[in-house]
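model34.cif (mmCIF, C-alpha atoms, pLDDT in the B column; chains and numbers go by the auth columns)
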data_structure
loop_
_atom_site.group_PDB
_atom_site.id
_atom_site.type_symbol
_atom_site.label_atom_id
_atom_site.label_comp_id
_atom_site.label_asym_id
_atom_site.label_seq_id
_atom_site.Cartn_x
_atom_site.Cartn_y
_atom_site.Cartn_z
_atom_site.B_iso_or_equiv
_atom_site.auth_seq_id
_atom_site.auth_asym_id
ATOM 1 C CA MET A 1 -18.571 -1.062 -21.978 57.00 30 A
ATOM 2 C CA THR A 2 -18.613 -2.976 -18.695 59.00 31 A
ATOM 3 C CA THR A 3 -18.737 -1.423 -15.271 74.00 32 A
ATOM 4 C CA ALA A 4 -15.984 -2.359 -12.820 89.00 33 A
ATOM 5 C CA THR A 5 -17.125 -4.313 -9.779 95.00 34 A
ATOM 6 C CA HIS A 6 -13.824 -4.175 -7.893 96.00 35 A
ATOM 7 C CA GLU A 7 -11.121 -1.664 -7.072 97.00 36 A
ATOM 8 C CA LEU A 8 -7.554 -2.224 -5.920 98.00 37 A
ATOM 9 C CA ALA A 9 -6.714 -1.706 -2.257 98.00 38 A
ATOM 10 C CA GLN A 10 -3.084 -1.285 -1.287 98.00 39 A
ATOM 11 C CA VAL A 11 -1.339 -1.038 2.037 98.00 40 A
ATOM 12 C CA ASN A 12 2.278 -0.482 2.804 95.00 41 A
ATOM 13 C CA ILE A 13 3.952 -0.122 6.129 97.00 42 A
ATOM 14 C CA ALA A 14 7.353 1.265 7.015 96.00 43 A
ATOM 15 C CA ARG A 15 9.498 1.199 10.153 97.00 44 A
ATOM 16 C CA LEU A 16 10.720 4.661 11.087 97.00 45 A
ATOM 17 C CA LYS A 17 14.431 5.153 11.750 97.00 46 A
ATOM 18 C CA ALA A 18 13.638 8.089 14.053 97.00 47 A
ATOM 19 C CA PRO A 19 10.607 9.914 15.456 97.00 48 A
ATOM 20 C CA LEU A 20 8.531 11.803 12.887 95.00 49 A
ATOM 21 C CA ASP A 21 9.478 15.129 14.453 96.00 50 A
ATOM 22 C CA SER A 22 13.219 14.430 14.172 97.00 51 A
ATOM 23 C CA PRO A 23 15.520 16.294 11.758 98.00 52 A
ATOM 24 C CA LEU A 24 16.228 12.970 9.996 97.00 53 A
ATOM 25 C CA LEU A 25 12.594 12.736 8.847 96.00 54 A
ATOM 26 C CA LYS A 26 12.013 16.423 8.094 96.00 55 A
ATOM 27 C CA ASP A 27 12.144 16.037 4.283 95.00 56 A
ATOM 28 C CA PHE A 28 9.754 13.073 4.414 94.00 57 A
ATOM 29 C CA VAL A 29 7.266 14.826 6.700 94.00 58 A
ATOM 30 C CA ASP A 30 7.457 18.051 4.652 94.00 59 A
ATOM 31 C CA ALA A 31 6.649 16.083 1.486 93.00 60 A
ATOM 32 C CA LEU A 32 3.589 14.252 2.857 92.00 61 A
ATOM 33 C CA ASP A 33 0.966 16.906 2.106 92.00 62 A
ATOM 34 C CA PRO A 34 2.251 17.714 -1.416 93.00 63 A
ATOM 35 C CA VAL A 35 2.565 14.035 -2.376 92.00 64 A
ATOM 36 C CA ASN A 36 -0.861 13.214 -0.950 92.00 65 A
ATOM 37 C CA ALA A 37 -2.329 16.127 -2.939 93.00 66 A
ATOM 38 C CA VAL A 38 -0.829 14.672 -6.125 93.00 67 A
ATOM 39 C CA ALA A 39 -2.252 11.250 -5.250 93.00 68 A
ATOM 40 C CA ASP A 40 -5.686 12.748 -4.620 94.00 69 A
ATOM 41 C CA ARG A 41 -5.689 14.238 -8.140 95.00 70 A
ATOM 42 C CA SER A 42 -4.160 11.229 -9.916 95.00 71 A
ATOM 43 C CA PRO A 43 -6.157 9.383 -12.580 96.00 72 A
ATOM 44 C CA GLY A 44 -7.607 6.228 -11.048 97.00 73 A
ATOM 45 C CA PHE A 45 -7.234 7.377 -7.430 97.00 74 A
ATOM 46 C CA VAL A 46 -10.296 6.511 -5.329 98.00 75 A
ATOM 47 C CA TRP A 47 -9.527 6.938 -1.609 98.00 76 A
ATOM 48 C CA ARG A 48 -6.738 7.045 0.973 97.00 77 A
ATOM 49 C CA LEU A 49 -6.588 6.400 4.697 98.00 78 A
ATOM 50 C CA GLN A 50 -6.124 9.545 6.721 96.00 79 A
ATOM 51 C CA SER A 51 -6.703 10.857 10.208 95.00 80 A
ATOM 52 C CA ASP A 52 -7.537 14.416 11.191 93.00 81 A
ATOM 53 C CA SER A 53 -3.886 15.232 10.381 88.00 82 A
ATOM 54 C CA GLY A 54 -4.604 14.686 6.667 89.00 83 A
ATOM 55 C CA ASN A 55 -2.290 11.676 6.461 90.00 84 A
ATOM 56 C CA ALA A 56 -2.054 8.344 8.276 95.00 85 A
ATOM 57 C CA THR A 57 1.235 8.656 10.156 94.00 86 A
ATOM 58 C CA ASP A 58 -0.534 8.761 13.531 95.00 87 A
ATOM 59 C CA ILE A 59 -2.719 5.686 12.907 97.00 88 A
ATOM 60 C CA PRO A 60 -1.397 2.619 14.779 96.00 89 A
ATOM 61 C CA VAL A 61 -0.557 -0.515 12.804 97.00 90 A
ATOM 62 C CA LEU A 62 0.377 -4.034 13.948 96.00 91 A
ATOM 63 C CA GLY A 63 0.795 -2.801 17.522 96.00 92 A
ATOM 64 C CA ASP A 64 4.196 -1.268 16.752 96.00 93 A
ATOM 65 C CA GLU A 65 4.673 2.447 17.464 95.00 94 A
ATOM 66 C CA TRP A 66 7.619 2.616 15.024 97.00 95 A
ATOM 67 C CA LEU A 67 5.533 1.450 12.059 97.00 96 A
ATOM 68 C CA ILE A 68 3.578 3.870 9.899 96.00 97 A
ATOM 69 C CA ILE A 69 0.879 2.915 7.420 97.00 98 A
ATOM 70 C CA ASN A 70 -0.164 4.111 4.010 96.00 99 A
ATOM 71 C CA MET A 71 -3.369 2.664 2.588 98.00 100 A
ATOM 72 C CA SER A 72 -5.344 3.640 -0.487 97.00 101 A
ATOM 73 C CA VAL A 73 -7.794 2.383 -3.093 98.00 102 A
ATOM 74 C CA TRP A 74 -7.193 2.719 -6.829 97.00 103 A
ATOM 75 C CA ARG A 75 -9.083 1.852 -9.989 97.00 104 A
ATOM 76 C CA ASP A 76 -6.501 -0.815 -10.878 96.00 105 A
ATOM 77 C CA THR A 77 -2.802 -1.709 -10.777 95.00 106 A
ATOM 78 C CA ASP A 78 -2.042 0.518 -13.766 94.00 107 A
ATOM 79 C CA ALA A 79 -3.362 3.604 -11.962 96.00 108 A
ATOM 80 C CA LEU A 80 -1.417 2.740 -8.805 95.00 109 A
ATOM 81 C CA THR A 81 1.880 2.127 -10.583 93.00 110 A
ATOM 82 C CA ALA A 82 1.486 5.263 -12.709 92.00 111 A
ATOM 83 C CA PHE A 83 1.318 7.310 -9.512 92.00 112 A
ATOM 84 C CA MET A 84 4.025 5.394 -7.644 89.00 113 A
ATOM 85 C CA TYR A 85 6.754 5.622 -10.244 85.00 114 A
ATOM 86 C CA GLN A 86 6.567 9.198 -11.429 82.00 115 A
ATOM 87 C CA GLY A 87 7.002 12.716 -10.119 80.00 116 A
ATOM 88 C CA ARG A 88 7.400 13.613 -6.474 80.00 117 A
ATOM 89 C CA HIS A 89 6.406 10.178 -5.191 82.00 118 A
ATOM 90 C CA ARG A 90 9.181 8.578 -7.229 80.00 119 A
ATOM 91 C CA GLU A 91 11.660 11.059 -5.753 84.00 120 A
ATOM 92 C CA LEU A 92 10.586 10.118 -2.224 84.00 121 A
ATOM 93 C CA LEU A 93 10.632 6.441 -3.082 83.00 122 A
ATOM 94 C CA SER A 94 14.266 6.740 -4.098 82.00 123 A
ATOM 95 C CA ARG A 95 15.092 8.181 -0.642 91.00 124 A
ATOM 96 C CA ARG A 96 13.107 5.702 1.480 92.00 125 A
ATOM 97 C CA ARG A 97 16.235 4.035 2.944 93.00 126 A
ATOM 98 C CA GLU A 98 17.180 7.384 4.537 95.00 127 A
ATOM 99 C CA TRP A 99 13.996 7.377 6.614 96.00 128 A
ATOM 100 C CA PHE A 100 12.881 3.755 6.985 95.00 129 A
ATOM 101 C CA ALA A 101 14.518 0.538 8.123 96.00 130 A
ATOM 102 C CA ARG A 102 14.509 -2.373 5.725 94.00 131 A
ATOM 103 C CA LEU A 103 11.860 -4.908 6.747 92.00 132 A
ATOM 104 C CA SER A 104 12.649 -8.582 6.259 93.00 133 A
ATOM 105 C CA GLU A 105 8.965 -9.480 5.780 94.00 134 A
ATOM 106 C CA ALA A 106 6.376 -8.245 3.297 94.00 135 A
ATOM 107 C CA ALA A 107 5.522 -4.614 3.922 95.00 136 A
ATOM 108 C CA THR A 108 3.164 -4.095 0.977 96.00 137 A
ATOM 109 C CA ALA A 109 -0.018 -5.977 0.104 98.00 138 A
ATOM 110 C CA LEU A 110 -2.651 -5.517 -2.580 98.00 139 A
ATOM 111 C CA TRP A 111 -6.165 -6.978 -2.782 98.00 140 A
ATOM 112 C CA TRP A 112 -9.410 -6.369 -4.623 97.00 141 A
ATOM 113 C CA VAL A 113 -12.344 -4.776 -2.840 97.00 142 A
ATOM 114 C CA PRO A 114 -15.908 -4.255 -4.069 97.00 143 A
ATOM 115 C CA VAL A 115 -16.438 -0.806 -5.567 97.00 144 A
ATOM 116 C CA GLY A 116 -17.252 1.592 -2.723 96.00 145 A
ATOM 117 C CA HIS A 117 -15.610 -0.492 0.029 97.00 146 A
ATOM 118 C CA ARG A 118 -13.083 1.363 2.195 98.00 147 A
ATOM 119 C CA PRO A 119 -10.726 -1.063 3.927 98.00 148 A
ATOM 120 C CA THR A 120 -9.944 -0.808 7.619 98.00 149 A
ATOM 121 C CA VAL A 121 -6.527 -0.970 9.248 98.00 150 A
ATOM 122 C CA ALA A 122 -7.477 -4.358 10.717 98.00 151 A
ATOM 123 C CA GLU A 123 -8.284 -5.609 7.218 98.00 152 A
ATOM 124 C CA ALA A 124 -4.937 -4.302 5.938 98.00 153 A
ATOM 125 C CA GLU A 125 -3.039 -5.940 8.802 98.00 154 A
ATOM 126 C CA GLU A 126 -4.772 -9.230 8.014 98.00 155 A
ATOM 127 C CA ARG A 127 -3.759 -8.987 4.337 98.00 156 A
ATOM 128 C CA ILE A 128 -0.104 -8.252 5.132 97.00 157 A
ATOM 129 C CA LEU A 129 0.052 -11.106 7.636 97.00 158 A
ATOM 130 C CA HIS A 130 -1.600 -13.438 5.119 98.00 159 A
ATOM 131 C CA LEU A 131 0.920 -12.473 2.444 98.00 160 A
ATOM 132 C CA ARG A 132 3.773 -13.070 4.875 97.00 161 A
ATOM 133 C CA ALA A 133 2.429 -16.509 5.802 97.00 162 A
ATOM 134 C CA HIS A 134 1.277 -17.747 2.378 97.00 163 A
ATOM 135 C CA GLY A 135 2.982 -15.676 -0.304 97.00 164 A
ATOM 136 C CA PRO A 136 1.008 -14.025 -3.093 97.00 165 A
ATOM 137 C CA THR A 137 -2.549 -15.291 -3.528 97.00 166 A
ATOM 138 C CA PRO A 138 -5.708 -13.553 -4.748 97.00 167 A
ATOM 139 C CA TYR A 139 -6.367 -12.716 -1.084 97.00 168 A
ATOM 140 C CA ALA A 140 -3.145 -10.698 -0.721 98.00 169 A
ATOM 141 C CA PHE A 141 -0.657 -10.175 -3.531 97.00 170 A
ATOM 142 C CA THR A 142 2.066 -7.873 -4.828 96.00 171 A
ATOM 143 C CA LEU A 143 2.655 -5.830 -7.956 93.00 172 A
ATOM 144 C CA ARG A 144 5.194 -8.454 -9.041 94.00 173 A
ATOM 145 C CA THR A 145 2.567 -11.193 -8.689 95.00 174 A
ATOM 146 C CA PRO A 146 -0.828 -9.649 -9.457 93.00 175 A
ATOM 147 C CA PHE A 147 -4.147 -11.474 -9.623 95.00 176 A
ATOM 148 C CA PRO A 148 -7.254 -10.489 -11.591 94.00 177 A
ATOM 149 C CA ALA A 149 -10.041 -8.564 -9.903 92.00 178 A
ATOM 150 C CA GLY A 150 -12.689 -10.520 -8.057 83.00 179 A
ATOM 151 C CA PRO A 151 -13.908 -11.469 -4.599 79.00 180 A
ATOM 152 C CA THR A 152 -11.275 -12.981 -2.284 71.00 181 A
ATOM 153 C CA GLY A 153 -12.775 -13.261 1.182 62.00 182 A
ATOM 154 C CA PRO A 154 -11.280 -15.857 3.508 52.00 183 A
ATOM 155 C CA THR A 155 -13.198 -18.902 4.650 37.00 184 A
ATOM 156 C CA GLY A 156 -10.412 -20.440 6.682 36.00 185 A
ATOM 157 C CA PRO A 157 -6.783 -19.956 7.622 36.00 186 A
ATOM 158 C CA THR A 158 -5.657 -19.630 4.007 40.00 187 A
ATOM 159 C CA GLY A 159 -8.921 -18.505 2.426 44.00 188 A
ATOM 160 C CA PRO A 160 -11.076 -20.189 -0.203 40.00 189 A
ATOM 161 C CA ALA A 161 -9.871 -22.829 -2.632 39.00 190 A
ATOM 162 C CA GLU A 162 -9.590 -20.285 -5.442 40.00 191 A
ATOM 163 C CA LEU A 163 -6.636 -18.751 -3.601 41.00 192 A
ATOM 164 C CA ILE A 164 -4.404 -21.347 -5.219 39.00 193 A
ATOM 165 C CA ALA A 165 -5.149 -19.881 -8.644 42.00 194 A
ATOM 166 C CA GLU A 166 -2.197 -18.903 -10.790 42.00 195 A
ATOM 167 C CA PRO A 167 -1.246 -15.229 -10.824 44.00 196 A
ATOM 168 C CA ALA A 168 -2.094 -13.108 -13.819 43.00 197 A
ATOM 169 C CA PRO A 169 0.880 -13.218 -16.189 41.00 198 A
ATOM 170 C CA ARG A 170 1.957 -9.611 -16.421 40.00 199 A
ATOM 171 C CA PRO A 171 5.308 -7.952 -15.899 39.00 200 A
ATOM 172 C CA VAL A 172 5.162 -4.854 -13.730 40.00 201 A
ATOM 173 C CA ALA A 173 7.563 -2.535 -11.983 40.00 202 A
ATOM 174 C CA PRO A 174 9.100 -3.758 -8.713 40.00 203 A
ATOM 175 C CA ASP A 175 7.164 -3.420 -5.478 44.00 204 A
ATOM 176 C CA ALA A 176 8.126 -0.432 -3.428 43.00 205 A
ATOM 177 C CA ALA A 177 5.993 2.145 -1.808 44.00 206 A
ATOM 178 C CA LEU A 178 7.320 3.225 1.550 47.00 207 A
ATOM 179 C CA SER A 179 9.263 0.068 2.250 41.00 208 A
#

What does the file become when written as structure tokens?
Amino acid sequence: MTTATHELAQVNIARLKAPLDSPLLKDFVDALDPVNAVADRSPGFVWRLQSDSGNATDIPVLGDEWLIINMSVWRDTDALTAFMYQGRHRELLSRRREWFARLSEAATALWWVPVGHRPTVAEAEERILHLRAHGPTPYAFTLRTPFPAGPTGPTGPTGPAELIAEPAPRPVAPDAALS
């Protein structure tokens, strides 16, 4: 049996349709703690970004006060998708258009991190912006276009030469977390 050297980081951002304390977002806000508790107990869950509030809704992202961030680390894509598409999270996912505006650019990015690494918001912003500029690469990819685990640090504007590698051939469920 081999020991994993990398874990899957994911970030997704969403643009609020109203302030978090508005009646429009009440169901979403009320579901945050229960859904996060399920995530925390899910097989393959490693870590999630949170402030003193217990979630990340008050952590600024991309300099836009109407954006909220969700970031976590998972064992692999299978563990992440198992959580995303079942139970209470799936219910919330189906209602996301009630609470969040549709973004025209990528709002979700995945990347591999060394075991034990906890990504920062700045790192997550960089990955989303890279995905928007270059499409899926090993540096920042999507569930629809995954890449195998391994180091993917940038060495220039588009990252190292290995970023042009072909994605791992594997059908997965459509991308959608909060976006």

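Using only C-alpha atoms, the shortest contact distance between Glu94 of chain A and any of A:Ala47, A:Ala33, A:Leu53, A:Ala68 is found at A:Ala47.
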
Sort by chain and increasing residue number a table of all residues of segment 32-90 of chain A within 8 Å of segment 101-119 of chain A, each with its closest pair of atoms and their distance in Å to one decimal, counting only C-alpha atoms, and write it as JSON lines.
{"residue": "A:His35", "atom": "CA", "partner": "A:Arg104", "partner_atom": "CA", "distance": 7.9}
{"residue": "A:Glu36", "atom": "CA", "partner": "A:Arg104", "partner_atom": "CA", "distance": 5.0}
{"residue": "A:Leu37", "atom": "CA", "partner": "A:Trp103", "partner_atom": "CA", "distance": 5.0}
{"residue": "A:Ala38", "atom": "CA", "partner": "A:Val102", "partner_atom": "CA", "distance": 4.3}
{"residue": "A:Gln39", "atom": "CA", "partner": "A:Ser101", "partner_atom": "CA", "distance": 5.5}
{"residue": "A:Val40", "atom": "CA", "partner": "A:Ser101", "partner_atom": "CA", "distance": 6.7}
{"residue": "A:Val64", "atom": "CA", "partner": "A:His118", "partner_atom": "CA", "distance": 6.1}
{"residue": "A:Ala68", "atom": "CA", "partner": "A:Phe112", "partner_atom": "CA", "distance": 6.8}
{"residue": "A:Ser71", "atom": "CA", "partner": "A:Phe112", "partner_atom": "CA", "distance": 6.7}
{"residue": "A:Pro72", "atom": "CA", "partner": "A:Ala108", "partner_atom": "CA", "distance": 6.4}
{"residue": "A:Gly73", "atom": "CA", "partner": "A:Arg104", "partner_atom": "CA", "distance": 4.7}
{"residue": "A:Phe74", "atom": "CA", "partner": "A:Trp103", "partner_atom": "CA", "distance": 4.7}
{"residue": "A:Val75", "atom": "CA", "partner": "A:Trp103", "partner_atom": "CA", "distance": 5.1}
{"residue": "A:Trp76", "atom": "CA", "partner": "A:Val102", "partner_atom": "CA", "distance": 5.1}
{"residue": "A:Arg77", "atom": "CA", "partner": "A:Ser101", "partner_atom": "CA", "distance": 4.0}
{"residue": "A:Leu78", "atom": "CA", "partner": "A:Ser101", "partner_atom": "CA", "distance": 6.0}

For C-alpha atoms, I'd like the residues from the last selection saved as a JSON list (two decimals), keeping the file's coordinate frame.
[["chain", "number", "residue", "atom", "x", "y", "z"],
["A", 35, "HIS", "CA", -13.82, -4.18, -7.89],
["A", 36, "GLU", "CA", -11.12, -1.66, -7.07],
["A", 37, "LEU", "CA", -7.55, -2.22, -5.92],
["A", 38, "ALA", "CA", -6.71, -1.71, -2.26],
["A", 39, "GLN", "CA", -3.08, -1.28, -1.29],
["A", 40, "VAL", "CA", -1.34, -1.04, 2.04],
["A", 64, "VAL", "CA", 2.56, 14.04, -2.38],
["A", 68, "ALA", "CA", -2.25, 11.25, -5.25],
["A", 71, "SER", "CA", -4.16, 11.23, -9.92],
["A", 72, "PRO", "CA", -6.16, 9.38, -12.58],
["A", 73, "GLY", "CA", -7.61, 6.23, -11.05],
["A", 74, "PHE", "CA", -7.23, 7.38, -7.43],
["A", 75, "VAL", "CA", -10.30, 6.51, -5.33],
["A", 76, "TRP", "CA", -9.53, 6.94, -1.61],
["A", 77, "ARG", "CA", -6.74, 7.04, 0.97],
["A", 78, "LEU", "CA", -6.59, 6.40, 4.70]]

Residues in the PyMOL selection byres ((chain A and resi 85) around 12), expressed as number ranges by chain: A: 40-43, 58, 61-62, 65, 77-84, 86-90, 96-101, 150

Written selection (C-alpha atoms) as a compact mmCIF listing (two decimals), in the coordinates of the input:
# COMPACT_ATOMS: atom_id res chain seq x y z
CA VAL A 40 -1.34 -1.04 2.04
CA ASN A 41 2.28 -0.48 2.80
CA ILE A 42 3.95 -0.12 6.13
CA ALA A 43 7.35 1.26 7.02
CA VAL A 58 7.27 14.83 6.70
CA LEU A 61 3.59 14.25 2.86
CA ASP A 62 0.97 16.91 2.11
CA ASN A 65 -0.86 13.21 -0.95
CA ARG A 77 -6.74 7.04 0.97
CA LEU A 78 -6.59 6.40 4.70
CA GLN A 79 -6.12 9.54 6.72
CA SER A 80 -6.70 10.86 10.21
CA ASP A 81 -7.54 14.42 11.19
CA SER A 82 -3.89 15.23 10.38
CA GLY A 83 -4.60 14.69 6.67
CA ASN A 84 -2.29 11.68 6.46
CA THR A 86 1.24 8.66 10.16
CA ASP A 87 -0.53 8.76 13.53
CA ILE A 88 -2.72 5.69 12.91
CA PRO A 89 -1.40 2.62 14.78
CA VAL A 90 -0.56 -0.52 12.80
CA LEU A 96 5.53 1.45 12.06
CA ILE A 97 3.58 3.87 9.90
CA ILE A 98 0.88 2.92 7.42
CA ASN A 99 -0.16 4.11 4.01
CA MET A 100 -3.37 2.66 2.59
CA SER A 101 -5.34 3.64 -0.49
CA VAL A 150 -6.53 -0.97 9.25

Length of the atom CA of Glu120 of chain A to atom CA of Asp69 of chain A vector [Å]: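 Separation between atom CA of Glu120 of chain A and atom CA of Asp69 of chain A: 17.5 Å.
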
Picked residues, the PyMOL selection byres ((chain A and resi 137) around 10), expected as a ChimeraX atom specification: /A:39-43,98-100,134-136,138-139,153,156-157,160-161,169-172,204-208

Resolved residues for the PyMOL selection byres ((chain A and resi 34) around 10) as a VMD selection string: chain A and resid 31 to 33 35 to 36 141 to 145 178 to 180

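Of note, atom CA of Ala66 of chain A and atom CA of Phe129 of chain A are spaced 22.0 Å apart.
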
What box, with edges along x, y and z, holds each listed atom of segment 102-115 of chain A when 3 Å is added on every side, and can you state its centre and edge lengths in Å to one decimal, as lines of an AutoDock Vina configuration file?
center_x = -1.2
center_y = 3.7
center_z = -8.4
size_x = 21.8
size_y = 16.9
size_z = 16.7

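The two atoms in question, atom CA of Arg126 of chain A and atom CA of Phe57 of chain A, are spaced 11.2 Å apart.
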
From A:Glu154, A:Gly92, A:Trp140, A:Leu121, residue lying nearest Phe176 of chain A [only C-alpha atoms]: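 Nearest to Phe176 of chain A: A:Trp140.
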
Tell me which protein, DNA and RNA residues are within 7 Å of Trp128 of chain A, counting all atoms listed in the file, leaving out same-chain ones fewer than 6 positions away, and put them as a PDB file with C-alpha atoms, in the coordinates of the input.
ATOM      1  CA  LEU A  45      10.720   4.661  11.087  1.00 97.00           C
ATOM      2  CA  LYS A  46      14.431   5.153  11.750  1.00 97.00           C
ATOM      3  CA  LEU A  53      16.228  12.970   9.996  1.00 97.00           C
ATOM      4  CA  LEU A  54      12.594  12.736   8.847  1.00 96.00           C
TER       5      LEU A  54
END

What would segment 54-70 of chain A look like with N, CA, C and O atoms in place, written as a CSV table (one decimal), keeping the file's coordinate frame?
chain,number,residue,atom,x,y,z
A,54,LEU,N,13.8,13.0,9.6
A,54,LEU,CA,12.6,12.7,8.8
A,54,LEU,C,11.9,14.0,8.3
A,54,LEU,O,10.9,14.0,7.8
A,55,LYS,N,12.6,15.2,8.5
A,55,LYS,CA,12.0,16.4,8.1
A,55,LYS,C,11.6,16.4,6.6
A,55,LYS,O,10.5,16.8,6.3
A,56,ASP,N,12.5,16.0,5.7
A,56,ASP,CA,12.1,16.0,4.3
A,56,ASP,C,10.9,15.1,4.0
A,56,ASP,O,10.1,15.5,3.2
A,57,PHE,N,10.9,14.0,4.6
A,57,PHE,CA,9.8,13.1,4.4
A,57,PHE,C,8.5,13.7,4.9
A,57,PHE,O,7.5,13.8,4.2
A,58,VAL,N,8.5,14.2,6.1
A,58,VAL,CA,7.3,14.8,6.7
A,58,VAL,C,6.8,16.0,5.9
A,58,VAL,O,5.6,16.2,5.6
A,59,ASP,N,7.8,16.9,5.5
A,59,ASP,CA,7.5,18.1,4.7
A,59,ASP,C,6.8,17.7,3.3
A,59,ASP,O,6.1,18.5,2.7
A,60,ALA,N,7.2,16.5,2.8
A,60,ALA,CA,6.6,16.1,1.5
A,60,ALA,C,5.3,15.4,1.6
A,60,ALA,O,4.6,15.2,0.5
A,61,LEU,N,4.8,15.0,2.7
A,61,LEU,CA,3.6,14.3,2.9
A,61,LEU,C,2.4,15.0,2.2
A,61,LEU,O,1.7,14.4,1.4
A,62,ASP,N,2.1,16.2,2.6
A,62,ASP,CA,1.0,16.9,2.1
A,62,ASP,C,1.0,17.1,0.6
A,62,ASP,O,0.1,16.8,-0.1
A,63,PRO,N,2.2,17.6,0.0
A,63,PRO,CA,2.3,17.7,-1.4
A,63,PRO,C,2.1,16.4,-2.2
A,63,PRO,O,1.4,16.3,-3.2
A,64,VAL,N,2.7,15.3,-1.7
A,64,VAL,CA,2.6,14.0,-2.4
A,64,VAL,C,1.1,13.5,-2.3
A,64,VAL,O,0.6,13.0,-3.2
A,65,ASN,N,0.5,13.6,-1.1
A,65,ASN,CA,-0.9,13.2,-1.0
A,65,ASN,C,-1.8,14.0,-1.9
A,65,ASN,O,-2.7,13.5,-2.4
A,66,ALA,N,-1.5,15.3,-2.0
A,66,ALA,CA,-2.3,16.1,-2.9
A,66,ALA,C,-2.2,15.6,-4.4
A,66,ALA,O,-3.2,15.6,-5.1
A,67,VAL,N,-1.0,15.2,-4.8
A,67,VAL,CA,-0.8,14.7,-6.1
A,67,VAL,C,-1.6,13.4,-6.2
A,67,VAL,O,-2.3,13.1,-7.2
A,68,ALA,N,-1.5,12.5,-5.2
A,68,ALA,CA,-2.3,11.2,-5.2
A,68,ALA,C,-3.7,11.5,-5.4
A,68,ALA,O,-4.4,10.9,-6.2
A,69,ASP,N,-4.3,12.4,-4.6
A,69,ASP,CA,-5.7,12.7,-4.6
A,69,ASP,C,-6.2,13.2,-6.0
A,69,ASP,O,-7.4,13.0,-6.3
A,70,ARG,N,-5.3,13.8,-6.8
A,70,ARG,CA,-5.7,14.2,-8.1
A,70,ARG,C,-5.3,13.3,-9.2
A,70,ARG,O,-5.6,13.5,-10.4
